[in-house]
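Asker: work-v3.tsv (TSV, N, CA and C atoms) pasted underneath:
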```tsv
chain	number	residue	atom	x	y	z
A	1	MET	N	4.08	-25.61	-10.88
A	1	MET	CA	2.82	-25.02	-10.50
A	1	MET	C	2.47	-23.95	-11.54
A	2	PRO	N	1.26	-23.99	-12.11
A	2	PRO	CA	0.89	-23.01	-13.14
A	2	PRO	C	0.69	-21.63	-12.54
A	3	GLU	N	1.17	-20.63	-13.27
A	3	GLU	CA	0.98	-19.24	-12.86
A	3	GLU	C	-0.36	-18.74	-13.41
A	4	THR	N	-1.09	-18.05	-12.60
A	4	THR	CA	-2.31	-17.41	-13.08
A	4	THR	C	-2.01	-15.93	-13.22
A	5	ASP	N	-2.71	-15.30	-14.13
A	5	ASP	CA	-2.46	-13.88	-14.39
A	5	ASP	C	-3.00	-13.00	-13.27
A	6	SER	N	-4.06	-13.43	-12.61
A	6	SER	CA	-4.68	-12.62	-11.56
A	6	SER	C	-4.55	-13.32	-10.21
A	7	TRP	N	-4.19	-12.55	-9.21
A	7	TRP	CA	-4.13	-13.06	-7.84
A	7	TRP	C	-4.24	-11.91	-6.86
A	8	GLU	N	-4.59	-12.23	-5.63
A	8	GLU	CA	-4.73	-11.21	-4.59
A	8	GLU	C	-4.42	-11.83	-3.23
A	9	TYR	N	-3.71	-11.06	-2.41
A	9	TYR	CA	-3.41	-11.44	-1.02
A	9	TYR	C	-3.83	-10.28	-0.13
A	10	THR	N	-4.36	-10.62	1.05
A	10	THR	CA	-4.68	-9.61	2.05
A	10	THR	C	-4.07	-10.05	3.37
A	11	LEU	N	-3.31	-9.16	3.98
A	11	LEU	CA	-2.67	-9.43	5.27
A	11	LEU	C	-3.29	-8.47	6.28
A	12	TYR	N	-4.06	-9.00	7.23
A	12	TYR	CA	-4.66	-8.17	8.28
A	12	TYR	C	-3.61	-7.94	9.36
A	13	ILE	N	-3.48	-6.70	9.78
A	13	ILE	CA	-2.39	-6.33	10.68
A	13	ILE	C	-2.93	-5.54	11.87
A	14	PRO	N	-2.24	-5.64	13.01
A	14	PRO	CA	-2.64	-4.83	14.16
A	14	PRO	C	-2.14	-3.40	14.02
A	15	ALA	N	-2.66	-2.53	14.84
A	15	ALA	CA	-2.17	-1.13	14.89
A	15	ALA	C	-0.87	-1.14	15.67
A	16	ASP	N	0.20	-1.56	15.01
A	16	ASP	CA	1.50	-1.74	15.64
A	16	ASP	C	2.56	-1.35	14.60
A	17	PRO	N	3.48	-0.45	14.93
A	17	PRO	CA	4.50	-0.05	13.96
A	17	PRO	C	5.34	-1.20	13.41
A	18	ARG	N	5.46	-2.31	14.15
A	18	ARG	CA	6.20	-3.47	13.66
A	18	ARG	C	5.53	-4.12	12.46
A	19	ALA	N	4.24	-3.83	12.26
A	19	ALA	CA	3.50	-4.40	11.14
A	19	ALA	C	4.07	-3.94	9.80
A	20	VAL	N	4.71	-2.78	9.77
A	20	VAL	CA	5.30	-2.28	8.52
A	20	VAL	C	6.38	-3.24	8.03
A	21	THR	N	7.24	-3.69	8.93
A	21	THR	CA	8.30	-4.63	8.56
A	21	THR	C	7.71	-5.97	8.13
A	22	VAL	N	6.71	-6.45	8.84
A	22	VAL	CA	6.05	-7.70	8.47
A	22	VAL	C	5.47	-7.60	7.06
A	23	CYS	N	4.82	-6.49	6.76
A	23	CYS	CA	4.22	-6.29	5.45
A	23	CYS	C	5.27	-6.23	4.35
A	24	ARG	N	6.35	-5.54	4.60
A	24	ARG	CA	7.43	-5.44	3.60
A	24	ARG	C	7.99	-6.81	3.26
A	25	ARG	N	8.25	-7.60	4.28
A	25	ARG	CA	8.83	-8.94	4.05
A	25	ARG	C	7.84	-9.87	3.36
A	26	ALA	N	6.58	-9.81	3.77
A	26	ALA	CA	5.56	-10.64	3.11
A	26	ALA	C	5.40	-10.24	1.65
A	27	LEU	N	5.40	-8.94	1.38
A	27	LEU	CA	5.26	-8.45	0.00
A	27	LEU	C	6.43	-8.94	-0.86
A	28	ARG	N	7.65	-8.82	-0.37
A	28	ARG	CA	8.82	-9.27	-1.14
A	28	ARG	C	8.71	-10.77	-1.45
A	29	LEU	N	8.31	-11.56	-0.48
A	29	LEU	CA	8.17	-13.00	-0.69
A	29	LEU	C	7.09	-13.29	-1.74
A	30	ILE	N	5.96	-12.64	-1.63
A	30	ILE	CA	4.88	-12.85	-2.59
A	30	ILE	C	5.33	-12.49	-4.00
A	31	LEU	N	5.98	-11.35	-4.16
A	31	LEU	CA	6.43	-10.94	-5.49
A	31	LEU	C	7.48	-11.90	-6.04
A	32	THR	N	8.39	-12.35	-5.20
A	32	THR	CA	9.41	-13.31	-5.64
A	32	THR	C	8.77	-14.62	-6.10
A	33	LEU	N	7.83	-15.13	-5.32
A	33	LEU	CA	7.19	-16.39	-5.67
A	33	LEU	C	6.34	-16.29	-6.94
A	34	HIS	N	5.88	-15.10	-7.26
A	34	HIS	CA	5.09	-14.90	-8.48
A	34	HIS	C	5.94	-14.40	-9.65
A	35	GLY	N	7.26	-14.42	-9.51
A	35	GLY	CA	8.14	-14.04	-10.60
A	35	GLY	C	8.21	-12.54	-10.86
A	36	LEU	N	7.92	-11.74	-9.84
A	36	LEU	CA	7.92	-10.29	-9.99
A	36	LEU	C	8.96	-9.63	-9.07
A	37	ALA	N	10.05	-10.33	-8.81
A	37	ALA	CA	11.07	-9.81	-7.89
A	37	ALA	C	11.64	-8.48	-8.35
A	38	GLN	N	11.59	-8.19	-9.65
A	38	GLN	CA	12.13	-6.92	-10.16
A	38	GLN	C	11.35	-5.72	-9.63
A	39	LEU	N	10.15	-5.94	-9.14
A	39	LEU	CA	9.33	-4.85	-8.59
A	39	LEU	C	9.47	-4.70	-7.08
A	40	ALA	N	10.19	-5.62	-6.44
A	40	ALA	CA	10.17	-5.70	-4.98
A	40	ALA	C	10.68	-4.43	-4.29
A	41	ASP	N	11.77	-3.83	-4.75
A	41	ASP	CA	12.30	-2.66	-4.06
A	41	ASP	C	11.30	-1.49	-4.08
A	42	THR	N	10.78	-1.19	-5.25
A	42	THR	CA	9.81	-0.09	-5.35
A	42	THR	C	8.53	-0.44	-4.62
A	43	ALA	N	8.06	-1.67	-4.78
A	43	ALA	CA	6.83	-2.09	-4.12
A	43	ALA	C	6.97	-2.02	-2.60
A	44	GLU	N	8.12	-2.40	-2.07
A	44	GLU	CA	8.35	-2.32	-0.62
A	44	GLU	C	8.30	-0.87	-0.13
A	45	LEU	N	8.91	0.02	-0.87
A	45	LEU	CA	8.88	1.44	-0.49
A	45	LEU	C	7.44	1.94	-0.47
A	46	LEU	N	6.69	1.63	-1.49
A	46	LEU	CA	5.30	2.08	-1.57
A	46	LEU	C	4.45	1.48	-0.45
A	47	ALA	N	4.60	0.18	-0.24
A	47	ALA	CA	3.83	-0.48	0.82
A	47	ALA	C	4.19	0.09	2.19
A	48	SER	N	5.48	0.38	2.41
A	48	SER	CA	5.90	0.96	3.68
A	48	SER	C	5.20	2.28	3.95
A	49	GLU	N	5.13	3.13	2.94
A	49	GLU	CA	4.47	4.42	3.10
A	49	GLU	C	2.98	4.25	3.38
A	50	LEU	N	2.33	3.39	2.61
A	50	LEU	CA	0.89	3.20	2.79
A	50	LEU	C	0.55	2.55	4.14
A	51	VAL	N	1.28	1.51	4.49
A	51	VAL	CA	1.01	0.81	5.75
A	51	VAL	C	1.39	1.69	6.94
A	52	SER	N	2.48	2.44	6.84
A	52	SER	CA	2.85	3.34	7.93
A	52	SER	C	1.72	4.32	8.23
A	53	ASN	N	1.15	4.89	7.19
A	53	ASN	CA	0.03	5.82	7.40
A	53	ASN	C	-1.15	5.12	8.04
A	54	ALA	N	-1.46	3.91	7.57
A	54	ALA	CA	-2.60	3.17	8.11
A	54	ALA	C	-2.40	2.82	9.58
A	55	VAL	N	-1.18	2.47	9.95
A	55	VAL	CA	-0.90	2.02	11.32
A	55	VAL	C	-0.65	3.18	12.27
A	56	LEU	N	0.11	4.17	11.82
A	56	LEU	CA	0.54	5.24	12.73
A	56	LEU	C	-0.48	6.37	12.88
A	57	HIS	N	-1.33	6.57	11.89
A	57	HIS	CA	-2.21	7.73	11.92
A	57	HIS	C	-3.69	7.40	12.09
A	58	THR	N	-4.01	6.15	12.30
A	58	THR	CA	-5.40	5.76	12.53
A	58	THR	C	-5.47	4.82	13.71
A	59	LYS	N	-6.64	4.65	14.23
A	59	LYS	CA	-6.85	3.71	15.32
A	59	LYS	C	-7.63	2.52	14.77
A	60	GLY	N	-7.36	1.35	15.32
A	60	GLY	CA	-8.12	0.18	14.90
A	60	GLY	C	-7.37	-0.69	13.92
A	61	PRO	N	-8.08	-1.64	13.33
A	61	PRO	CA	-7.43	-2.61	12.46
A	61	PRO	C	-6.97	-1.99	11.14
A	62	ALA	N	-6.10	-2.72	10.47
A	62	ALA	CA	-5.59	-2.30	9.16
A	62	ALA	C	-5.30	-3.56	8.35
A	63	ALA	N	-5.06	-3.38	7.07
A	63	ALA	CA	-4.73	-4.52	6.20
A	63	ALA	C	-3.90	-4.04	5.02
A	64	LEU	N	-3.03	-4.92	4.55
A	64	LEU	CA	-2.28	-4.70	3.32
A	64	LEU	C	-2.91	-5.59	2.26
A	65	ARG	N	-3.23	-5.02	1.11
A	65	ARG	CA	-3.77	-5.79	0.00
A	65	ARG	C	-2.81	-5.69	-1.18
A	66	ILE	N	-2.46	-6.83	-1.73
A	66	ILE	CA	-1.59	-6.90	-2.90
A	66	ILE	C	-2.38	-7.63	-3.97
A	67	ARG	N	-2.52	-6.99	-5.12
A	67	ARG	CA	-3.34	-7.56	-6.19
A	67	ARG	C	-2.59	-7.43	-7.51
A	68	HIS	N	-2.61	-8.49	-8.29
A	68	HIS	CA	-2.03	-8.47	-9.64
A	68	HIS	C	-3.13	-8.86	-10.63
A	69	ARG	N	-3.31	-8.01	-11.62
A	69	ARG	CA	-4.32	-8.30	-12.64
A	69	ARG	C	-3.96	-7.51	-13.90
A	70	ASP	N	-4.04	-8.18	-15.04
A	70	ASP	CA	-3.84	-7.54	-16.33
A	70	ASP	C	-2.52	-6.77	-16.42
A	71	GLY	N	-1.45	-7.34	-15.87
A	71	GLY	CA	-0.14	-6.71	-15.96
A	71	GLY	C	0.07	-5.52	-15.04
A	72	VAL	N	-0.79	-5.37	-14.04
A	72	VAL	CA	-0.69	-4.26	-13.10
A	72	VAL	C	-0.64	-4.82	-11.68
A	73	LEU	N	0.33	-4.33	-10.91
A	73	LEU	CA	0.42	-4.66	-9.50
A	73	LEU	C	-0.20	-3.52	-8.71
A	74	GLN	N	-1.21	-3.84	-7.91
A	74	GLN	CA	-1.84	-2.83	-7.06
A	74	GLN	C	-1.50	-3.16	-5.61
A	75	ILE	N	-1.01	-2.15	-4.89
A	75	ILE	CA	-0.68	-2.27	-3.48
A	75	ILE	C	-1.60	-1.32	-2.74
A	76	GLY	N	-2.31	-1.82	-1.75
A	76	GLY	CA	-3.23	-0.97	-1.01
A	76	GLY	C	-3.15	-1.20	0.48
A	77	ALA	N	-3.45	-0.18	1.22
A	77	ALA	CA	-3.53	-0.28	2.68
A	77	ALA	C	-4.91	0.19	3.11
A	78	TRP	N	-5.61	-0.69	3.79
A	78	TRP	CA	-6.93	-0.36	4.33
A	78	TRP	C	-6.77	0.00	5.80
A	79	ASP	N	-7.50	1.01	6.25
A	79	ASP	CA	-7.57	1.32	7.68
A	79	ASP	C	-9.00	1.70	8.02
A	80	ALA	N	-9.28	1.73	9.32
A	80	ALA	CA	-10.65	1.92	9.79
A	80	ALA	C	-11.08	3.38	9.87
A	81	ASP	N	-10.26	4.30	9.44
A	81	ASP	CA	-10.62	5.71	9.45
A	81	ASP	C	-11.22	6.08	8.09
A	82	PRO	N	-12.49	6.48	8.05
A	82	PRO	CA	-13.11	6.78	6.75
A	82	PRO	C	-12.69	8.12	6.15
A	83	GLN	N	-11.94	8.93	6.88
A	83	GLN	CA	-11.53	10.23	6.36
A	83	GLN	C	-10.53	10.07	5.23
A	84	PRO	N	-10.66	10.88	4.16
A	84	PRO	CA	-9.70	10.78	3.06
A	84	PRO	C	-8.30	11.20	3.51
A	85	PRO	N	-7.29	10.67	2.83
A	85	PRO	CA	-5.92	11.08	3.18
A	85	PRO	C	-5.66	12.51	2.74
A	86	GLU	N	-4.70	13.14	3.38
A	86	GLU	CA	-4.28	14.47	2.97
A	86	GLU	C	-3.67	14.38	1.58
A	87	PRO	N	-3.98	15.31	0.69
A	87	PRO	CA	-3.36	15.26	-0.64
A	87	PRO	C	-1.85	15.43	-0.53
A	88	PRO	N	-1.11	14.76	-1.41
A	88	PRO	CA	0.35	14.86	-1.33
A	88	PRO	C	0.83	16.24	-1.75
A	89	GLY	N	1.87	16.70	-1.07
A	89	GLY	CA	2.53	17.93	-1.47
A	89	GLY	C	3.56	17.64	-2.54
A	90	LYS	N	4.18	18.66	-3.03
A	90	LYS	CA	5.26	18.50	-4.01
A	90	LYS	C	6.48	17.94	-3.28
A	91	LEU	N	7.03	16.85	-3.77
A	91	LEU	CA	8.14	16.18	-3.11
A	91	LEU	C	9.34	17.11	-2.92
A	92	GLU	N	9.63	17.92	-3.92
A	92	GLU	CA	10.79	18.82	-3.82
A	92	GLU	C	10.61	19.87	-2.72
A	93	ARG	N	9.37	20.16	-2.35
A	93	ARG	CA	9.13	21.12	-1.26
A	93	ARG	C	9.18	20.47	0.12
A	94	LEU	N	9.23	19.15	0.14
A	94	LEU	CA	9.17	18.42	1.41
A	94	LEU	C	10.49	17.79	1.81
A	95	THR	N	11.57	18.09	1.12
A	95	THR	CA	12.83	17.40	1.38
A	95	THR	C	13.34	17.58	2.81
A	96	ASP	N	13.09	18.71	3.42
A	96	ASP	CA	13.54	18.94	4.79
A	96	ASP	C	12.44	18.73	5.84
A	97	ALA	N	11.25	18.37	5.39
A	97	ALA	CA	10.12	18.19	6.32
A	97	ALA	C	10.33	16.92	7.14
A	98	GLU	N	9.86	16.95	8.40
A	98	GLU	CA	9.96	15.77	9.26
A	98	GLU	C	8.86	14.76	8.98
A	99	ASN	N	7.76	15.21	8.41
A	99	ASN	CA	6.69	14.29	8.03
A	99	ASN	C	5.96	14.88	6.83
A	100	GLY	N	5.00	14.12	6.31
A	100	GLY	CA	4.23	14.61	5.18
A	100	GLY	C	4.77	14.21	3.82
A	101	ARG	N	5.83	13.41	3.80
A	101	ARG	CA	6.41	13.01	2.51
A	101	ARG	C	5.81	11.73	1.95
A	102	GLY	N	5.09	10.97	2.77
A	102	GLY	CA	4.63	9.64	2.39
A	102	GLY	C	3.86	9.60	1.08
A	103	PHE	N	2.79	10.37	0.97
A	103	PHE	CA	2.00	10.33	-0.25
A	103	PHE	C	2.72	10.99	-1.42
A	104	ALA	N	3.61	11.93	-1.14
A	104	ALA	CA	4.41	12.52	-2.22
A	104	ALA	C	5.34	11.45	-2.81
A	105	ILE	N	5.90	10.60	-1.96
A	105	ILE	CA	6.73	9.49	-2.43
A	105	ILE	C	5.90	8.51	-3.22
A	106	VAL	N	4.71	8.19	-2.72
A	106	VAL	CA	3.81	7.27	-3.43
A	106	VAL	C	3.48	7.83	-4.81
A	107	ARG	N	3.14	9.09	-4.87
A	107	ARG	CA	2.80	9.71	-6.16
A	107	ARG	C	4.00	9.69	-7.11
A	108	ALA	N	5.20	9.96	-6.58
A	108	ALA	CA	6.39	10.03	-7.42
A	108	ALA	C	6.86	8.65	-7.92
A	109	CYS	N	6.64	7.61	-7.13
A	109	CYS	CA	7.19	6.29	-7.46
A	109	CYS	C	6.20	5.32	-8.07
A	110	SER	N	4.93	5.65	-8.10
A	110	SER	CA	3.93	4.75	-8.67
A	110	SER	C	3.41	5.32	-9.99
A	111	ASP	N	2.76	4.45	-10.75
A	111	ASP	CA	2.15	4.90	-12.00
A	111	ASP	C	0.89	5.71	-11.75
A	112	THR	N	0.15	5.31	-10.74
A	112	THR	CA	-1.07	6.02	-10.33
A	112	THR	C	-1.37	5.66	-8.88
A	113	TRP	N	-2.16	6.49	-8.23
A	113	TRP	CA	-2.57	6.20	-6.86
A	113	TRP	C	-3.93	6.82	-6.62
A	114	GLY	N	-4.57	6.40	-5.55
A	114	GLY	CA	-5.87	6.97	-5.20
A	114	GLY	C	-6.36	6.39	-3.90
A	115	TRP	N	-7.59	6.67	-3.59
A	115	TRP	CA	-8.20	6.13	-2.38
A	115	TRP	C	-9.68	5.96	-2.64
A	116	GLN	N	-10.31	5.12	-1.84
A	116	GLN	CA	-11.75	4.90	-1.95
A	116	GLN	C	-12.29	4.43	-0.60
A	117	PRO	N	-13.54	4.78	-0.30
A	117	PRO	CA	-14.16	4.25	0.91
A	117	PRO	C	-14.29	2.73	0.78
A	118	LEU	N	-14.09	2.02	1.87
A	118	LEU	CA	-14.15	0.56	1.82
A	118	LEU	C	-14.39	0.02	3.23
A	119	SER	N	-15.22	-0.99	3.35
A	119	SER	CA	-15.48	-1.63	4.64
A	119	SER	C	-14.80	-2.99	4.66
A	120	ARG	N	-14.27	-3.35	5.81
A	120	ARG	CA	-13.65	-4.67	6.03
A	120	ARG	C	-14.06	-5.16	7.40
A	121	GLN	N	-14.44	-6.40	7.48
A	121	GLN	CA	-14.77	-7.06	8.75
A	121	GLN	C	-15.70	-6.21	9.61
A	122	GLY	N	-16.68	-5.58	9.00
A	122	GLY	CA	-17.65	-4.78	9.73
A	122	GLY	C	-17.19	-3.39	10.11
A	123	HIS	N	-15.97	-2.99	9.73
A	123	HIS	CA	-15.44	-1.67	10.03
A	123	HIS	C	-15.48	-0.81	8.78
A	124	ARG	N	-16.02	0.39	8.89
A	124	ARG	CA	-15.93	1.35	7.79
A	124	ARG	C	-14.53	1.90	7.75
A	125	GLY	N	-14.09	2.26	6.58
A	125	GLY	CA	-12.75	2.82	6.47
A	125	GLY	C	-12.46	3.23	5.05
A	126	LYS	N	-11.18	3.17	4.69
A	126	LYS	CA	-10.76	3.54	3.34
A	126	LYS	C	-9.62	2.65	2.90
A	127	LEU	N	-9.48	2.54	1.60
A	127	LEU	CA	-8.35	1.87	0.99
A	127	LEU	C	-7.56	2.92	0.22
A	128	VAL	N	-6.30	3.07	0.57
A	128	VAL	CA	-5.39	3.95	-0.18
A	128	VAL	C	-4.51	3.01	-0.98
A	129	TRP	N	-4.43	3.21	-2.28
A	129	TRP	CA	-3.76	2.27	-3.16
A	129	TRP	C	-2.86	2.98	-4.17
A	130	CYS	N	-1.96	2.19	-4.74
A	130	CYS	CA	-1.13	2.67	-5.84
A	130	CYS	C	-0.90	1.51	-6.77
A	131	GLU	N	-0.47	1.83	-7.99
A	131	GLU	CA	-0.27	0.78	-9.00
A	131	GLU	C	1.10	0.92	-9.67
A	132	LEU	N	1.64	-0.24	-10.01
A	132	LEU	CA	2.87	-0.34	-10.78
A	132	LEU	C	2.61	-1.23	-11.98
A	133	GLY	N	3.01	-0.80	-13.16
A	133	GLY	CA	2.93	-1.65	-14.33
A	133	GLY	C	4.02	-2.71	-14.26
A	134	VAL	N	3.66	-3.94	-14.59
A	134	VAL	CA	4.59	-5.06	-14.50
A	134	VAL	C	5.52	-5.10	-15.70
A	135	ALA	N	5.05	-4.66	-16.86
A	135	ALA	CA	5.83	-4.80	-18.10
A	135	ALA	C	7.12	-4.03	-18.07
```
What's the structure tokens form of this structure?
Answerer:
Amino acid sequence: MPETDSWEYTLYIPADPRAVTVCRRALRLILTLHGLAQLADTAELLASELVSNAVLHTKGPAALRIRHRDGVLQIGAWDADPQPPEPPGKLERLTDAENGRGFAIVRACSDTWGWQPLSRQGHRGKLVWCELGVA
């Protein structure tokens, strides 16, 4: 089967904490099938943080988006809350914190991250994303 350089998958998920595990496993399978298994551990960590925030801190539907284009893997989590995410704190200051480390981990482990307003299936919301270089 020929590999294409660009591809995208979207997994729509319920507001259920079990969705984090489903997303992690789906992401690992997708990366393995596309020959990017070397990114799976880091990508799973990043997706877990993004999807956890989307599922645990917002109400309504959510989605995991995985996109590969031009040698960059983008992992994003969409949720129905249009409010921007809290800016990440310094990871070294959060080591003993019970929460608030998610975006600090995303910032520390990805090449870049951000967020943007985005609508899905008639719901306003936001996409929080991060990128990993494939090379």
Asker: Identify the residues within 8 Å of coordinate (-1.9, -8.9, -6.9) (same frame as the file), considering only N, CA and C atoms, and give the answer as a PyMOL selection string.
Answerer: chain A and resi 5-9+65-69+72-75
Asker: I need the residue nearest Val20 (chain A) from this list: A:Thr32, A:Phe103, A:Pro84, A:Leu45. Use only C-alpha atoms for the distance.
Answerer: A:Leu45
Asker: As a list in words, please: the residues near Glu49 (chain A) (cut-off 8 Å, only N, CA and C atoms, same-chain neighbours under 4 positions excluded).
Answerer: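 My reading of the contact set: Val20, Ala43, Glu44, Leu45, Asn53, Ala54, Val55, Ala77, Arg101, Gly102, Phe103, Ile105 and Val106 of chain A.
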Asker: What is the distance between atom N of Pro61 (chain A) and atom N of His123 (chain A), in Å to one decimal?
Answerer: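 Between these atoms lies a distance of 8.8 Å.
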Asker: Show me, as a ChimeraX atom specification, the residues that have an atom within 7 Å of Val128 (chain A) when counting all atoms listed in the file, minus same-chain residues fewer than 3 positions from it.
Answerer: /A:50,75-79,113-116
Asker: Output the selection as a CSV table (one decimal), in the frame of the given file - N, CA and C atoms for each residue.
Answerer:
```csv
chain,number,residue,atom,x,y,z
A,50,LEU,N,2.3,3.4,2.6
A,50,LEU,CA,0.9,3.2,2.8
A,50,LEU,C,0.6,2.6,4.1
A,75,ILE,N,-1.0,-2.2,-4.9
A,75,ILE,CA,-0.7,-2.3,-3.5
A,75,ILE,C,-1.6,-1.3,-2.7
A,76,GLY,N,-2.3,-1.8,-1.8
A,76,GLY,CA,-3.2,-1.0,-1.0
A,76,GLY,C,-3.2,-1.2,0.5
A,77,ALA,N,-3.4,-0.2,1.2
A,77,ALA,CA,-3.5,-0.3,2.7
A,77,ALA,C,-4.9,0.2,3.1
A,78,TRP,N,-5.6,-0.7,3.8
A,78,TRP,CA,-6.9,-0.4,4.3
A,78,TRP,C,-6.8,0.0,5.8
A,79,ASP,N,-7.5,1.0,6.2
A,79,ASP,CA,-7.6,1.3,7.7
A,79,ASP,C,-9.0,1.7,8.0
A,113,TRP,N,-2.2,6.5,-8.2
A,113,TRP,CA,-2.6,6.2,-6.9
A,113,TRP,C,-3.9,6.8,-6.6
A,114,GLY,N,-4.6,6.4,-5.6
A,114,GLY,CA,-5.9,7.0,-5.2
A,114,GLY,C,-6.4,6.4,-3.9
A,115,TRP,N,-7.6,6.7,-3.6
A,115,TRP,CA,-8.2,6.1,-2.4
A,115,TRP,C,-9.7,6.0,-2.6
A,116,GLN,N,-10.3,5.1,-1.8
A,116,GLN,CA,-11.8,4.9,-2.0
A,116,GLN,C,-12.3,4.4,-0.6
```
Asker: Need the shell around Gly125 (chain A): protein/DNA/RNA residues with any atom at most 5 Å away, counting all atoms listed in the file. Skip same-chain ones fewer than 2 positions apart. Format as a list in words?
Answerer: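 Returned residues: Asp79, Ala80, Asp81, Pro82, Pro117, Leu118, Ser119, His123 and Leu127 of chain A.
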Asker: What separation in Å, quoted to one decimal, exists between CA of Glu86 (chain A) and CA of Arg28 (chain A)?
Answerer: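 It comes out at 27.4 Å.
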Asker: Report, in Å with one decimal, the straight-line distance from CA of Leu132 (chain A) to CA of Thr42 (chain A).
Answerer: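 It comes out at 8.8 Å.
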Asker: Using all atoms listed in the file, what residues lie at most 6.5 Å away from (-2.0, -0.9, 14.4) (file coordinates), given as a list in words?
Answerer: Ile13, Pro14, Ala15, Asp16, Pro17, Ala54, Val55, Leu56, Gly60, Pro61 and Ala62 of chain A
Asker: Between A:Cys109, A:Leu46, A:Leu27, A:Ala19, which one has atoms that come closest to Trp129 (chain A), using only C-alpha atoms?
Answerer: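 Under the stated criterion, the closest residue is A:Leu46.
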Asker: Could you give me, as a PyMOL selection string, each residue of region 14-126 of chain A that DSSP assigns to alpha helix (DSSP H) when run on this structure's backbone?
Answerer: chain A and resi 19-33+40-56+102-109
Asker: Hey, what does DSSP flag as strand (DSSP E) within region 1-134 of chain A? Can you give it to me as an MDAnalysis selection string?
Answerer: chainID A and resid 7:13 62:69 72:79 112:120 123:133
